[in-house]
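upload-v9.cif follows (mmCIF, C-alpha atoms and all ligand atoms):
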```cif
data_query
loop_
_atom_site.label_atom_id
_atom_site.label_comp_id
_atom_site.auth_asym_id
_atom_site.auth_seq_id
_atom_site.Cartn_x
_atom_site.Cartn_y
_atom_site.Cartn_z
CA MET S 1184 7.49 2.39 -16.90
CA GLN S 1185 9.77 4.04 -19.44
CA THR S 1186 12.68 6.20 -18.31
CA PHE S 1187 14.16 8.96 -20.48
CA ASN S 1188 17.30 11.03 -20.02
CA THR S 1189 16.74 13.28 -23.02
CA VAL S 1190 13.93 15.65 -23.86
CA LYS S 1191 13.79 14.35 -27.44
CA ALA S 1192 13.34 10.71 -26.43
CA LEU S 1193 10.49 11.67 -24.08
CA GLN S 1194 8.85 13.85 -26.72
CA ASP S 1195 9.08 11.06 -29.32
CA ALA S 1196 7.38 8.65 -26.92
CA LEU S 1197 4.70 11.25 -26.08
CA SER S 1198 4.08 11.87 -29.80
CA SER S 1199 3.53 8.20 -30.52
CA ALA S 1200 1.21 7.87 -27.50
CA ARG S 1201 -0.75 10.88 -28.79
CA ASN S 1202 -0.80 9.41 -32.33
CA ASN S 1203 -2.38 6.25 -30.90
CA ASN S 1204 -5.00 8.21 -28.96
CA SER S 1205 -5.83 11.70 -30.12
CA ASN S 1206 -7.79 12.38 -26.90
CA LEU S 1207 -4.94 11.30 -24.62
CA THR S 1208 -4.86 13.27 -21.37
CA VAL S 1209 -1.39 13.71 -19.96
CA GLY S 1210 -0.64 14.52 -16.31
CA LEU S 1211 2.69 15.98 -15.23
CA VAL S 1212 4.18 15.57 -11.75
CA PRO S 1213 7.36 17.67 -11.48
CA THR S 1214 9.71 16.56 -8.68
CA MET S 1215 13.28 17.01 -7.53
CA GLY S 1216 13.53 13.33 -6.59
CA ALA S 1217 14.21 11.94 -3.10
CA LEU S 1218 10.67 10.70 -3.44
CA HIS S 1219 8.36 9.93 -0.53
CA GLU S 1220 4.71 9.06 -0.01
CA GLY S 1221 3.75 12.69 -0.64
CA HIS S 1222 5.10 12.52 -4.20
CA LEU S 1223 3.55 9.11 -4.71
CA SER S 1224 0.15 10.49 -3.68
CA LEU S 1225 0.45 13.10 -6.45
CA ILE S 1226 1.25 10.37 -8.98
CA GLN S 1227 -1.62 8.18 -7.77
CA ARG S 1228 -4.02 11.11 -8.12
CA ALA S 1229 -2.65 11.85 -11.61
CA LYS S 1230 -3.03 8.16 -12.58
CA LYS S 1231 -6.73 8.32 -11.60
CA GLU S 1232 -7.36 11.50 -13.60
CA CYS S 1233 -5.15 11.11 -16.70
CA ASP S 1234 -4.43 8.49 -19.36
CA LEU S 1235 -0.67 8.90 -19.11
CA VAL S 1236 1.47 10.26 -16.28
CA VAL S 1237 4.88 11.86 -16.75
CA VAL S 1238 7.10 12.40 -13.69
CA SER S 1239 10.22 14.54 -13.90
CA VAL S 1240 13.12 14.02 -11.49
CA PHE S 1241 15.42 16.99 -11.70
CA VAL S 1242 17.23 18.90 -8.95
CA ASN S 1243 16.86 22.34 -10.48
CA PRO S 1244 20.05 24.31 -9.69
CA ILE S 1245 18.60 27.71 -10.59
CA GLN S 1246 15.98 27.61 -7.85
CA PHE S 1247 18.63 27.29 -5.12
CA ASN S 1248 19.94 30.61 -3.87
CA ASN S 1249 22.15 28.75 -1.40
CA GLN S 1250 24.84 26.55 -2.99
CA GLU S 1251 25.29 24.52 0.20
CA ASP S 1252 21.59 23.67 0.17
CA LEU S 1253 21.91 22.55 -3.47
CA ALA S 1254 24.95 20.38 -2.70
CA LYS S 1255 23.19 18.80 0.29
CA TYR S 1256 19.90 18.16 -1.53
CA PRO S 1257 19.34 14.38 -1.36
CA ARG S 1258 19.82 12.48 -4.63
CA THR S 1259 18.42 8.94 -4.60
CA VAL S 1260 17.69 8.13 -8.25
CA GLU S 1261 17.72 4.33 -7.96
CA ALA S 1262 15.33 4.27 -5.00
CA ASP S 1263 13.19 6.90 -6.79
CA CYS S 1264 12.84 4.68 -9.87
CA GLU S 1265 11.72 1.74 -7.72
CA LYS S 1266 9.09 3.90 -6.05
CA LEU S 1267 7.94 5.33 -9.39
CA ALA S 1268 7.55 1.82 -10.80
CA SER S 1269 5.59 0.75 -7.70
CA VAL S 1270 2.84 3.27 -8.52
CA ASP S 1271 2.83 2.41 -12.24
CA THR S 1272 4.27 5.67 -13.49
CA ASP S 1273 4.18 5.69 -17.29
CA PHE S 1274 7.06 7.98 -18.28
CA VAL S 1275 9.92 9.34 -16.18
CA LEU S 1276 12.22 12.14 -17.34
CA ILE S 1277 15.60 12.27 -15.55
CA PRO S 1278 17.56 14.89 -17.48
CA SER S 1279 21.03 16.30 -16.80
CA VAL S 1280 21.44 20.02 -16.13
CA GLU S 1281 22.87 20.45 -19.67
CA GLU S 1282 19.85 18.69 -21.14
CA MET S 1283 17.42 21.00 -19.35
CA TYR S 1284 19.50 24.12 -19.85
CA PRO S 1285 21.58 23.81 -23.05
CA GLU S 1286 21.91 27.63 -23.05
CA PRO S 1287 22.49 29.90 -20.05
CA VAL S 1288 19.11 30.81 -18.56
CA LYS S 1289 18.19 34.45 -19.16
CA GLU S 1290 14.46 34.39 -18.36
CA VAL S 1291 13.36 36.06 -15.17
CA TYR S 1292 9.80 35.91 -13.86
CA HIS S 1293 8.16 38.37 -11.50
CA PHE S 1294 5.11 37.65 -9.39
CA GLY S 1295 4.38 40.94 -7.63
CA GLN S 1296 3.04 40.83 -4.10
CA ILE S 1297 2.73 37.04 -3.86
CA GLU S 1298 6.52 36.71 -3.98
CA GLU S 1299 7.16 39.60 -1.60
CA VAL S 1300 6.19 37.54 1.45
CA MET S 1301 7.36 34.38 3.24
CA GLU S 1302 9.74 32.37 1.01
CA GLY S 1303 10.24 35.29 -1.42
CA PRO S 1304 12.45 37.60 0.67
CA GLN S 1305 14.23 34.61 2.28
CA ARG S 1306 15.18 33.03 -1.06
CA PRO S 1307 15.85 35.73 -3.69
CA GLY S 1308 15.43 34.34 -7.22
CA HIS S 1309 13.92 31.08 -5.98
CA PHE S 1310 10.47 31.46 -7.50
CA SER S 1311 11.82 32.72 -10.81
CA GLY S 1312 14.00 29.58 -10.92
CA VAL S 1313 10.98 27.41 -10.14
CA ALA S 1314 8.95 29.16 -12.86
CA VAL S 1315 11.70 28.67 -15.46
CA VAL S 1316 11.92 24.93 -14.88
CA VAL S 1317 8.17 24.41 -14.58
CA ARG S 1318 7.55 26.31 -17.82
CA ARG S 1319 10.26 24.25 -19.53
CA LEU S 1320 8.57 21.08 -18.32
CA PHE S 1321 5.20 22.37 -19.52
CA ASP S 1322 6.73 23.09 -22.96
CA ILE S 1323 8.33 19.66 -23.14
CA VAL S 1324 5.38 17.58 -21.91
CA GLN S 1325 2.39 19.80 -22.85
CA PRO S 1326 0.23 18.21 -20.16
CA GLN S 1327 -3.48 18.81 -19.61
CA LYS S 1328 -2.98 18.71 -15.83
CA ALA S 1329 -0.06 19.37 -13.49
CA TYR S 1330 0.10 18.19 -9.87
CA PHE S 1331 1.76 20.06 -6.99
CA GLY S 1332 1.74 19.45 -3.22
CA GLU S 1333 0.16 21.99 -0.88
CA LYS S 1334 3.08 21.82 1.55
CA ASP S 1335 4.72 24.39 -0.72
CA PHE S 1336 1.61 26.56 -0.54
CA GLN S 1337 3.28 29.69 -1.93
CA GLN S 1338 4.72 27.71 -4.84
CA ILE S 1339 1.19 26.75 -5.88
CA ALA S 1340 0.16 30.43 -5.95
CA ILE S 1341 3.26 31.17 -8.03
CA ILE S 1342 2.50 28.42 -10.58
CA LYS S 1343 -1.12 29.60 -10.78
CA ASN S 1344 0.16 33.10 -11.53
CA LEU S 1345 2.70 31.71 -14.04
CA LEU S 1346 -0.10 29.93 -15.90
CA GLU S 1347 -2.01 33.23 -16.07
CA GLN S 1348 1.09 35.01 -17.38
CA ILE S 1349 1.92 32.46 -20.08
CA LYS S 1350 -1.74 31.59 -20.80
CA TYR S 1351 -1.21 27.83 -21.08
CA PRO S 1352 -4.44 25.80 -20.86
CA ILE S 1353 -3.08 23.54 -18.12
CA GLU S 1354 -5.14 22.66 -15.06
CA LEU S 1355 -3.15 23.04 -11.86
CA VAL S 1356 -4.16 20.39 -9.34
CA PRO S 1357 -3.13 21.24 -5.74
CA CYS S 1358 -2.89 18.08 -3.59
CA PRO S 1359 -3.10 17.86 0.23
CA ILE S 1360 0.00 17.46 2.41
CA VAL S 1361 0.83 13.88 3.33
CA ARG S 1362 2.00 13.50 6.92
CA ALA S 1363 3.85 10.81 8.86
CA ASP S 1364 1.77 9.10 11.58
CA ASP S 1365 3.25 11.52 14.13
CA GLY S 1366 2.15 14.54 12.06
CA LEU S 1367 5.43 15.61 10.45
CA ALA S 1368 4.80 16.83 6.90
CA LEU S 1369 6.62 14.49 4.51
CA SER S 1370 9.55 16.21 2.80
CA SER S 1371 12.68 15.11 0.99
CA ARG S 1372 14.60 17.15 3.56
CA ASN S 1373 13.37 14.96 6.44
CA MET S 1374 15.95 12.33 5.52
CA ARG S 1375 18.64 14.80 6.64
CA LEU S 1376 17.28 14.87 10.20
CA SER S 1377 19.19 12.94 12.87
CA PRO S 1378 17.07 10.41 14.83
CA ALA S 1379 16.92 12.88 17.75
CA ALA S 1380 15.84 15.76 15.49
CA ARG S 1381 13.31 13.54 13.71
CA GLN S 1382 11.81 12.68 17.08
CA VAL S 1383 11.07 16.30 17.98
CA ALA S 1384 10.18 17.50 14.44
CA PRO S 1385 6.41 16.69 14.80
CA THR S 1386 6.30 19.53 17.37
CA ILE S 1387 5.98 21.91 14.41
CA TYR S 1388 2.63 20.51 13.28
CA ALA S 1389 1.46 19.96 16.87
CA THR S 1390 2.11 23.68 17.50
CA LEU S 1391 0.24 24.66 14.32
CA LYS S 1392 -2.76 22.59 15.40
CA LYS S 1393 -2.80 24.35 18.78
CA ALA S 1394 -2.56 27.68 16.95
CA VAL S 1395 -5.76 26.81 15.08
CA GLU S 1396 -7.49 26.01 18.41
CA MET S 1397 -6.28 29.34 19.83
CA SER S 1398 -7.65 31.23 16.85
CA GLN S 1399 -11.15 30.67 18.32
CA THR S 1400 -10.38 33.08 21.16
CA LYS S 1401 -7.19 35.03 20.34
CA SER S 1402 -6.30 37.70 17.79
CA VAL S 1403 -4.23 37.01 14.67
CA GLU S 1404 -1.21 38.76 16.18
CA GLU S 1405 -1.51 36.83 19.46
CA VAL S 1406 -1.71 33.49 17.65
CA LYS S 1407 1.22 34.39 15.44
CA GLN S 1408 3.40 35.47 18.37
CA TRP S 1409 2.40 32.48 20.50
CA THR S 1410 3.36 30.06 17.70
CA LEU S 1411 6.79 31.62 17.20
CA ASP S 1412 7.45 31.90 20.96
CA THR S 1413 6.33 28.32 21.63
CA LEU S 1414 8.69 26.88 19.04
CA LYS S 1415 11.59 29.08 20.16
CA ALA S 1416 11.10 28.05 23.79
CA PHE S 1417 10.75 24.33 23.05
CA GLN S 1418 12.95 22.15 25.28
CA ALA S 1419 13.70 18.59 24.23
CA PRO S 1420 14.70 15.82 26.60
CA ASP S 1421 17.89 15.37 24.55
CA GLY S 1422 20.00 18.54 24.77
CA THR S 1423 22.43 17.31 22.10
CA ILE S 1424 20.36 18.71 19.26
CA ILE S 1425 20.46 22.32 20.40
CA ASN S 1426 21.69 24.73 17.71
CA PRO S 1427 25.01 26.03 19.13
CA GLU S 1428 24.48 29.44 17.47
CA THR S 1429 21.10 30.19 19.02
CA TYR S 1430 20.87 27.70 21.89
CA ARG S 1431 17.50 26.74 20.48
CA ILE S 1432 16.16 23.54 19.00
CA PHE S 1433 13.68 25.21 16.64
CA ASP S 1434 14.64 28.43 14.87
CA PRO S 1435 11.52 29.68 13.11
CA GLU S 1436 12.38 31.78 10.05
CA TYR S 1437 8.83 33.06 9.67
CA PHE S 1438 5.26 32.23 10.52
CA GLU S 1439 2.67 34.19 8.56
CA ILE S 1440 -1.10 34.01 8.76
CA VAL S 1441 -2.26 34.97 5.27
CA ASN S 1442 -5.15 35.31 2.87
CA ASP S 1443 -5.01 32.01 0.94
CA THR S 1444 -5.39 33.74 -2.43
CA THR S 1445 -3.35 36.93 -2.19
CA LEU S 1446 -0.88 35.47 0.36
CA GLN S 1447 -0.90 38.82 2.15
CA PRO S 1448 -0.76 38.72 5.97
CA ILE S 1449 -4.12 39.39 7.58
CA LYS S 1450 -4.81 41.40 10.74
CA GLU S 1451 -8.35 40.17 11.50
CA TRP S 1452 -9.65 36.63 11.15
CA ASN S 1453 -12.63 37.72 9.07
CA GLU S 1454 -10.49 39.71 6.64
CA ALA S 1455 -10.36 36.84 4.15
CA GLN S 1456 -12.58 33.91 3.25
CA GLY S 1457 -9.68 31.47 3.23
CA VAL S 1458 -6.88 31.83 5.79
CA VAL S 1459 -3.75 29.68 6.09
CA GLY S 1460 -0.70 29.75 8.32
CA CYS S 1461 2.64 29.11 6.61
CA ILE S 1462 5.77 28.37 8.56
CA THR S 1463 9.44 27.72 7.93
CA VAL S 1464 11.53 26.39 10.78
CA TRP S 1465 15.19 25.45 10.98
CA LEU S 1466 15.86 22.29 12.95
CA THR S 1467 19.54 21.31 13.32
CA GLY S 1468 20.50 22.91 10.00
CA VAL S 1469 17.52 21.47 8.10
CA ARG S 1470 14.94 23.91 6.74
CA LEU S 1471 11.42 22.52 7.25
CA ILE S 1472 8.25 23.97 5.75
CA ASP S 1473 4.67 23.35 6.86
CA MET S 1474 1.25 24.96 6.66
CA ILE S 1475 -2.20 24.70 8.19
CA ARG S 1476 -5.62 25.99 7.27
CA PHE S 1477 -7.37 28.29 9.77
CA ARG S 1478 -10.56 28.71 7.75
O1 LIG S 1501 8.45 21.45 -5.46
C1 LIG S 1501 9.46 21.02 -6.04
O2 LIG S 1501 9.93 19.90 -5.79
C2 LIG S 1501 10.15 21.91 -7.06
O3 LIG S 1501 10.09 23.25 -6.69
C3 LIG S 1501 9.61 21.71 -8.49
C4 LIG S 1501 8.17 22.14 -8.61
C5 LIG S 1501 9.75 20.24 -8.88
C6 LIG S 1501 10.43 22.53 -9.46
O4 LIG S 1501 11.78 22.18 -9.45
#
```
Hey, can you dump this file as structure tokens for me?
Amino acid sequence: MQTFNTVKALQDALSSARNNNSNLTVGLVPTMGALHEGHLSLIQRAKKECDLVVVSVFVNPIQFNNQEDLAKYPRTVEADCEKLASVDTDFVLIPSVEEMYPEPVKEVYHFGQIEEVMEGPQRPGHFSGVAVVVRRLFDIVQPQKAYFGEKDFQQIAIIKNLLEQIKYPIELVPCPIVRADDGLALSSRNMRLSPAARQVAPTIYATLKKAVEMSQTKSVEEVKQWTLDTLKAFQAPDGTIINPETYRIFDPEYFEIVNDTTLQPIKEWNEAQGVVGCITVWLTGVRLIDMIRFR
């Protein structure tokens, strides 16, 4: 594994790899570090499908609309490098903010209706910030394929739309969520959960699974409301993790049942061929995201 801190050093190494093999297929796995099995599954998939895999580790400041969230984002570079080596990553780019953004960023991307729902209104500017960094990484690495996890379902739709806007011939490869044995979707943010919060966190996915069962007999609105109400009413054996502001353990920010392509909320189950439920829940100050497929 070769690690690079500058764009130029990575590009030089990519050029010589391409000079040695003119048909070289390059896979890109963009990450913000604090790596877990979910990230490693993307790299393993990329290793199977590409000749050379580039992983970026960069906490992208311009996609955070909340400075506290940026400051608290876990940074574990040494452990990340060990994990990256364990799955035989070829090249790793770990740039500074100045290296990625030598000039102030002026680009702004718009994504129409797919950014007007769910994460969009909650995190103004977030998806434009994601698009800026992902495009920069595409320009630097010029991969044939790029790998993203389906936990951030809306982000995948945004990157798909970005690729249409910029017309880059890059194949986007969405990869399934990896879950802990108890069902919690793996996320870098999970490491911020206290042991008590971590113990109850799988309730989110357990509730989503019940929502899918209920969808056999209940309307979209009933399932949506039941999911939100169930999480809000959840009582844990250990009262110490109650949020003092709301007296709740789980504070759902949204739960939307949407068309999996347009991301627009549906009213009837048969309104779309593919239907997913996307949820964001606060648990003791940690913002957790999950999703489930209804059909
Ligand atoms: O999903 C993430 O970790 C980030 O949004 C990404 C795609 C690496 C861009 O910073």
Counting all atoms listed in the file, the option among S:Pro1278, S:Gly1221, S:Gly1332, S:Pro1385 closest to ligand LIG 1501 (chain S): S:Gly1332
Enumerate as number ranges by chain the residues within 9 Å of ligand LIG 1501 (chain S), counting all atoms listed in the file. S: 1212-1216, 1222, 1239-1246, 1309-1310, 1312-1317, 1331-1332, 1334-1335, 1338-1339, 1342, 1371
Computed interatomic separation between atom CA of Trp1409 of chain S and atom CA of Pro1307 of chain S (Å):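 A separation of 27.9 Å between them.
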To one decimal place, how far is atom CA of Glu1451 of chain S from atom CA of Lys1343 of chain S in Å? 25.7 Å
Find the residue from S:Val1324, S:Ile1353, S:Ile1424, S:Leu1369 that sits nearest to Gln1382 of chain S; use only C-alpha atoms when measuring.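 Closest to Gln1382 of chain S of all the choices is S:Ile1424.
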Write out as a ChimeraX atom specification which residues come within 7 Å of Val1458 of chain S when counting only C-alpha atoms, dropping same-chain ones fewer than 4 positions away. /S:1440-1443,1476-1478
My list of candidates is S:Gly1468, S:Gly1303, S:Val1209, S:Ser1311. Which is closest to Tyr1437 of chain S when distances are computed with only C-alpha atoms? S:Gly1303
For the atom pair atom CA of Asp1271 of chain S and atom CA of Leu1225 of chain S, what is the interatomic distance in Å to one decimal place? 12.4 Å
Tell me which of S:Val1237, S:Phe1321, S:Trp1452, S:Lys1230 sits closest to Met1397 of chain S, counting all atoms listed in the file.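 Smallest separation from Met1397 of chain S among the options: S:Trp1452.
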Here is a test: counting all atoms listed in the file, which residue of S:Asn1204, S:Glu1436, S:Thr1259, S:Glu1290 is nearest to Met1374 of chain S? S:Thr1259
Non-local contacts of Gln1447 of chain S (8 Å; only C-alpha atoms; under 2 positions in same chain excluded) as a ChimeraX atom specification: /S:1296-1297,1300,1441-1442,1445,1449
Using all atoms listed in the file, which of S:Thr1208, S:Thr1272, S:Thr1390, S:Asn1249 sits nearest Asp1412 of chain S? S:Thr1390
With 6 Å of padding per side, what axis-aligned box (centre and edge lengths, Å, one decimal) covers all the listed atoms of segment 1445-1455 of chain S? Give it as JSON.
```
{"center_x": -6.7, "center_y": 38.4, "center_z": 4.7, "size_x": 23.9, "size_y": 17.9, "size_z": 25.7}
```
Incomplete segment 1340-1361 of chain S filled out to N, CA, C and O atoms as a compact mmCIF listing (two decimals), in the frame of the given file:
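Saved as out_19.txt:
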```
# COMPACT_ATOMS: atom_id res chain seq x y z
N ALA S 1340 0.64 29.11 -5.53
CA ALA S 1340 0.16 30.43 -5.95
C ALA S 1340 1.04 30.98 -7.08
O ALA S 1340 0.55 31.61 -8.03
N ILE S 1341 2.32 30.70 -7.00
CA ILE S 1341 3.26 31.17 -8.03
C ILE S 1341 2.97 30.47 -9.37
O ILE S 1341 2.92 31.11 -10.43
N ILE S 1342 2.75 29.16 -9.32
CA ILE S 1342 2.50 28.42 -10.58
C ILE S 1342 1.16 28.86 -11.18
O ILE S 1342 1.03 28.99 -12.39
N LYS S 1343 0.17 29.11 -10.30
CA LYS S 1343 -1.12 29.60 -10.78
C LYS S 1343 -0.92 30.92 -11.53
O LYS S 1343 -1.43 31.13 -12.63
N ASN S 1344 -0.13 31.80 -10.93
CA ASN S 1344 0.16 33.10 -11.53
C ASN S 1344 0.96 32.92 -12.83
O ASN S 1344 0.70 33.58 -13.84
N LEU S 1345 1.91 31.98 -12.83
CA LEU S 1345 2.70 31.71 -14.04
C LEU S 1345 1.77 31.29 -15.18
O LEU S 1345 1.90 31.78 -16.31
N LEU S 1346 0.82 30.40 -14.86
CA LEU S 1346 -0.10 29.93 -15.90
C LEU S 1346 -0.93 31.09 -16.46
O LEU S 1346 -1.23 31.12 -17.66
N GLU S 1347 -1.29 32.04 -15.57
CA GLU S 1347 -2.01 33.23 -16.07
C GLU S 1347 -1.11 34.06 -16.96
O GLU S 1347 -1.53 34.55 -18.00
N GLN S 1348 0.16 34.20 -16.57
CA GLN S 1348 1.09 35.01 -17.38
C GLN S 1348 1.32 34.39 -18.75
O GLN S 1348 1.34 35.08 -19.76
N ILE S 1349 1.54 33.08 -18.81
CA ILE S 1349 1.92 32.46 -20.08
C ILE S 1349 0.70 31.92 -20.84
O ILE S 1349 0.84 31.45 -21.97
N LYS S 1350 -0.47 31.97 -20.18
CA LYS S 1350 -1.74 31.59 -20.80
C LYS S 1350 -1.71 30.18 -21.39
O LYS S 1350 -2.15 29.96 -22.51
N TYR S 1351 -1.17 29.23 -20.64
CA TYR S 1351 -1.21 27.83 -21.08
C TYR S 1351 -2.49 27.20 -20.52
O TYR S 1351 -2.81 27.40 -19.35
N PRO S 1352 -3.18 26.41 -21.34
CA PRO S 1352 -4.44 25.80 -20.86
C PRO S 1352 -4.17 24.54 -20.04
O PRO S 1352 -4.61 23.44 -20.39
N ILE S 1353 -3.43 24.70 -18.96
CA ILE S 1353 -3.08 23.54 -18.12
C ILE S 1353 -3.80 23.69 -16.80
O ILE S 1353 -3.80 24.77 -16.20
N GLU S 1354 -4.44 22.60 -16.35
CA GLU S 1354 -5.14 22.66 -15.06
C GLU S 1354 -4.15 22.34 -13.94
O GLU S 1354 -3.51 21.29 -13.96
N LEU S 1355 -4.04 23.28 -13.01
CA LEU S 1355 -3.15 23.04 -11.86
C LEU S 1355 -3.96 22.30 -10.80
O LEU S 1355 -5.04 22.74 -10.42
N VAL S 1356 -3.43 21.18 -10.34
CA VAL S 1356 -4.16 20.39 -9.34
C VAL S 1356 -3.37 20.40 -8.02
O VAL S 1356 -2.36 19.71 -7.88
N PRO S 1357 -3.81 21.23 -7.05
CA PRO S 1357 -3.13 21.24 -5.74
C PRO S 1357 -3.54 20.00 -4.95
O PRO S 1357 -4.71 19.65 -4.92
N CYS S 1358 -2.58 19.33 -4.33
CA CYS S 1358 -2.89 18.08 -3.59
C CYS S 1358 -2.50 18.24 -2.12
O CYS S 1358 -1.47 18.86 -1.82
N PRO S 1359 -3.32 17.66 -1.22
CA PRO S 1359 -3.10 17.86 0.23
C PRO S 1359 -1.74 17.32 0.70
O PRO S 1359 -1.20 16.37 0.12
N ILE S 1360 -1.25 17.92 1.78
CA ILE S 1360 0.00 17.46 2.41
C ILE S 1360 -0.18 16.02 2.89
O ILE S 1360 -1.23 15.68 3.43
N VAL S 1361 0.85 15.21 2.71
CA VAL S 1361 0.83 13.88 3.33
C VAL S 1361 1.74 13.95 4.55
O VAL S 1361 2.85 14.49 4.48
```
